[in-house]
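**Student:** One structure, as structure tokens, below. Some questions next.
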Amino acid sequence: MSTVSATTASPETTVASAATPAQAVLKQKDLGKNDFLNLLVAQLKNQDPLKPMDSSSFIAELAQFSQLEQSANQVALLQKSLDAQTANQQYSLLPLVGREVGTEGAVIQLGTGPALLDYRLGQDAASVNLSILNAAGQVIRTGDLGPQGFGAQQVVWDGLDQNGTLMPPGTYTYAVTALDGQGQAVPVATTSRLTVSGVRVEGGQAKLAVGNQTIDPASIIDFF
């Protein structure tokens, strides 16, 4: 385990279109089963007694009403099923609250103590360098980690910047670059180590809350 310790863009132009007279937009309302039934009753009340509605037409309209009612019931049943599925997902994710999980990425959650940075080298590296960036994308810390071997590696960041100033808790990112003996780039896969703080529903899907963001539970690749 390695330890990192202290030692002109042009303006955009917006072109607005010429003002046009206001136009009224009529929105067509979808007919529900009650509307359909009211129309059918009104049609029966106002039909010509001398020319009553043809029985086959009446049966066809009743069949349409039945199909409309069945479709509405199916939609309501499907919605209840989706709601129940979402609730089950939320309950199944609750045991992860408070756990540390790993996802693909290079996010650091700095708390009141040191933070662990995990990555994997695709082959032996003659030199490995680390950069830590703040939320604005500015490099606040660099470190020469020296040669490292193939496989999983871990670095401890003490939370200090390059000047030895303790950084406030929050979200940071990091980048690892590695070279072999011939100066060729070595593949590096970084892992974000995140603490789950809760469960939220977004777009009908249960998500894990980590700090001020959410992640898909399917994106988890490791548990710590």
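Within each chain, counting starts at residue 1; across the structure tokens, chains are named A, B, ... in the order shown, with ligands numbered 1 upward in that order.
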Can you list, as a PyMOL selection string, every protein, DNA or RNA residue that comes within 9 Å of Gln123 of chain A when you count only C-alpha atoms, leaving out same-chain residues fewer than 4 positions away?
**Tutor:** chain A and resi 148-151+180+186-188
**Student:** Using only C-alpha atoms, determine which residues lie at most 12 Å from segment 105-115 of chain A, disregarding the query and same-chain residues fewer than 5 positions distant; provide the list as a PyMOL selection string.
**Tutor:** chain A and resi 3-5+100+120+130-135+137+154-160+166-176+188-197+210-213+215+219-221
**Student:** Keeping only C-alpha atoms, write the selected residues to a file as a PDB file, in the first residue's frame.
**Tutor:**
```pdb
ATOM      1  CA  THR A   3       0.839   6.562   1.116  1.00  0.00           C
ATOM      2  CA  VAL A   4       0.575  10.094  -0.233  1.00  0.00           C
ATOM      3  CA  SER A   5       1.803  12.348   2.592  1.00  0.00           C
ATOM      4  CA  GLU A 100     -18.689   1.070   1.308  1.00  0.00           C
ATOM      5  CA  ARG A 120      -5.432  -1.946 -10.881  1.00  0.00           C
ATOM      6  CA  LEU A 130      -0.975  10.172  -8.985  1.00  0.00           C
ATOM      7  CA  SER A 131      -2.934  13.428  -9.340  1.00  0.00           C
ATOM      8  CA  ILE A 132      -5.801  14.485  -7.061  1.00  0.00           C
ATOM      9  CA  LEU A 133      -8.294  17.078  -8.288  1.00  0.00           C
ATOM     10  CA  ASN A 134     -10.930  19.184  -6.528  1.00  0.00           C
ATOM     11  CA  ALA A 135     -14.540  19.658  -7.653  1.00  0.00           C
ATOM     12  CA  GLY A 137     -11.054  20.061 -11.817  1.00  0.00           C
ATOM     13  CA  GLN A 154      -4.083   1.001  -3.045  1.00  0.00           C
ATOM     14  CA  VAL A 155      -2.998   4.494  -2.017  1.00  0.00           C
ATOM     15  CA  VAL A 156      -3.839   6.355   1.201  1.00  0.00           C
ATOM     16  CA  TRP A 157      -4.465  10.082   0.767  1.00  0.00           C
ATOM     17  CA  ASP A 158      -4.026  12.009   4.003  1.00  0.00           C
ATOM     18  CA  GLY A 159      -6.392  14.758   2.828  1.00  0.00           C
ATOM     19  CA  LEU A 160      -3.663  17.398   2.421  1.00  0.00           C
ATOM     20  CA  LEU A 166      -6.019  20.034   5.073  1.00  0.00           C
ATOM     21  CA  MET A 167      -8.778  19.918   2.461  1.00  0.00           C
ATOM     22  CA  PRO A 168     -12.442  20.119   3.538  1.00  0.00           C
ATOM     23  CA  PRO A 169     -14.619  16.989   3.415  1.00  0.00           C
ATOM     24  CA  GLY A 170     -16.300  16.508   0.059  1.00  0.00           C
ATOM     25  CA  THR A 171     -16.024  14.854  -3.326  1.00  0.00           C
ATOM     26  CA  TYR A 172     -12.720  14.771  -5.212  1.00  0.00           C
ATOM     27  CA  THR A 173     -11.373  12.817  -8.179  1.00  0.00           C
ATOM     28  CA  TYR A 174      -8.021  11.257  -8.971  1.00  0.00           C
ATOM     29  CA  ALA A 175      -5.998  10.161 -11.990  1.00  0.00           C
ATOM     30  CA  VAL A 176      -3.284   7.517 -12.184  1.00  0.00           C
ATOM     31  CA  VAL A 188      -4.926   1.496 -15.369  1.00  0.00           C
ATOM     32  CA  ALA A 189      -8.444   0.740 -14.099  1.00  0.00           C
ATOM     33  CA  THR A 190      -9.579   2.971 -11.223  1.00  0.00           C
ATOM     34  CA  THR A 191     -12.322   2.273  -8.685  1.00  0.00           C
ATOM     35  CA  SER A 192     -14.512   4.752  -6.829  1.00  0.00           C
ATOM     36  CA  ARG A 193     -14.879   3.815  -3.151  1.00  0.00           C
ATOM     37  CA  LEU A 194     -18.238   5.257  -2.040  1.00  0.00           C
ATOM     38  CA  THR A 195     -20.278   5.115   1.174  1.00  0.00           C
ATOM     39  CA  VAL A 196     -23.996   4.522   0.683  1.00  0.00           C
ATOM     40  CA  SER A 197     -26.058   7.046   2.656  1.00  0.00           C
ATOM     41  CA  VAL A 210     -23.782   8.403  -2.202  1.00  0.00           C
ATOM     42  CA  GLY A 211     -23.116  11.932  -1.008  1.00  0.00           C
ATOM     43  CA  ASN A 212     -24.888  14.397  -3.298  1.00  0.00           C
ATOM     44  CA  GLN A 213     -25.322  11.927  -6.146  1.00  0.00           C
ATOM     45  CA  ILE A 215     -25.691   5.447  -8.529  1.00  0.00           C
ATOM     46  CA  SER A 219     -22.858  -0.462 -11.334  1.00  0.00           C
ATOM     47  CA  ILE A 220     -21.394  -1.906  -8.104  1.00  0.00           C
ATOM     48  CA  ILE A 221     -18.317  -4.035  -8.784  1.00  0.00           C
TER      49      ILE A 221
END
```
**Student:** Calculate how many Å separate atom CA of Asn129 of chain A from atom CA of Ala185 of chain A, rounding to one decimal.
**Tutor:**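 The value is 11.7 Å.
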**Student:** For the atom pair atom CA of Phe223 of chain A and atom CA of Gln138 of chain A, what is the interatomic distance in Å to one decimal place?
**Tutor:** 29.3 Å
**Student:** One number please: atom CA of Ile140 of chain A to atom CA of Leu117 of chain A, in Å, one decimal.
**Tutor:**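 Value for the atom CA of Ile140 of chain A-atom CA of Leu117 of chain A distance: 15.4 Å.
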**Student:** Mind checking DSSP for segment 106-145 of chain A and telling me the strand (DSSP E or B) residues as number ranges by chain?
**Tutor:** A: 107-110, 115-121, 125-133, 139-145
**Student:** Write the residues of the selection above to a file with C-alpha atoms, as a PDB file, in the first residue's frame.
**Tutor:**
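Output (result.pdb):
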```pdb
ATOM      1  CA  VAL A 107     -14.221   9.483  -7.258  1.00  0.00           C
ATOM      2  CA  ILE A 108     -12.902  10.138  -3.742  1.00  0.00           C
ATOM      3  CA  GLN A 109     -15.214  10.772  -0.802  1.00  0.00           C
ATOM      4  CA  LEU A 110     -13.044  12.636   1.672  1.00  0.00           C
ATOM      5  CA  ALA A 115      -9.202   8.380   2.050  1.00  0.00           C
ATOM      6  CA  LEU A 116      -8.359   5.137   0.243  1.00  0.00           C
ATOM      7  CA  LEU A 117      -7.762   5.140  -3.522  1.00  0.00           C
ATOM      8  CA  ASP A 118      -8.009   1.811  -5.364  1.00  0.00           C
ATOM      9  CA  TYR A 119      -6.774   0.984  -8.861  1.00  0.00           C
ATOM     10  CA  ARG A 120      -5.432  -1.946 -10.881  1.00  0.00           C
ATOM     11  CA  LEU A 121      -2.421  -2.019 -13.204  1.00  0.00           C
ATOM     12  CA  ALA A 125       4.950  -0.432 -14.263  1.00  0.00           C
ATOM     13  CA  ALA A 126       8.363   1.237 -13.962  1.00  0.00           C
ATOM     14  CA  SER A 127       6.762   4.480 -12.778  1.00  0.00           C
ATOM     15  CA  VAL A 128       3.361   5.439 -11.421  1.00  0.00           C
ATOM     16  CA  ASN A 129       2.133   8.976 -10.808  1.00  0.00           C
ATOM     17  CA  LEU A 130      -0.975  10.172  -8.985  1.00  0.00           C
ATOM     18  CA  SER A 131      -2.934  13.428  -9.340  1.00  0.00           C
ATOM     19  CA  ILE A 132      -5.801  14.485  -7.061  1.00  0.00           C
ATOM     20  CA  LEU A 133      -8.294  17.078  -8.288  1.00  0.00           C
ATOM     21  CA  VAL A 139      -4.983  19.583  -9.452  1.00  0.00           C
ATOM     22  CA  ILE A 140      -4.399  20.021  -5.722  1.00  0.00           C
ATOM     23  CA  ARG A 141      -1.946  17.181  -5.094  1.00  0.00           C
ATOM     24  CA  THR A 142       0.501  15.088  -7.094  1.00  0.00           C
ATOM     25  CA  GLY A 143       2.644  12.181  -6.064  1.00  0.00           C
ATOM     26  CA  ASP A 144       5.333   9.894  -7.513  1.00  0.00           C
ATOM     27  CA  LEU A 145       4.483   6.361  -6.401  1.00  0.00           C
TER      28      LEU A 145
END
```
**Student:** When you count only C-alpha atoms, which of these residues is closest to Val199 of chain A: A:Gln182, A:Asn34, A:Pro217, A:Gln64?
**Tutor:**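 Closest candidate: A:Pro217.
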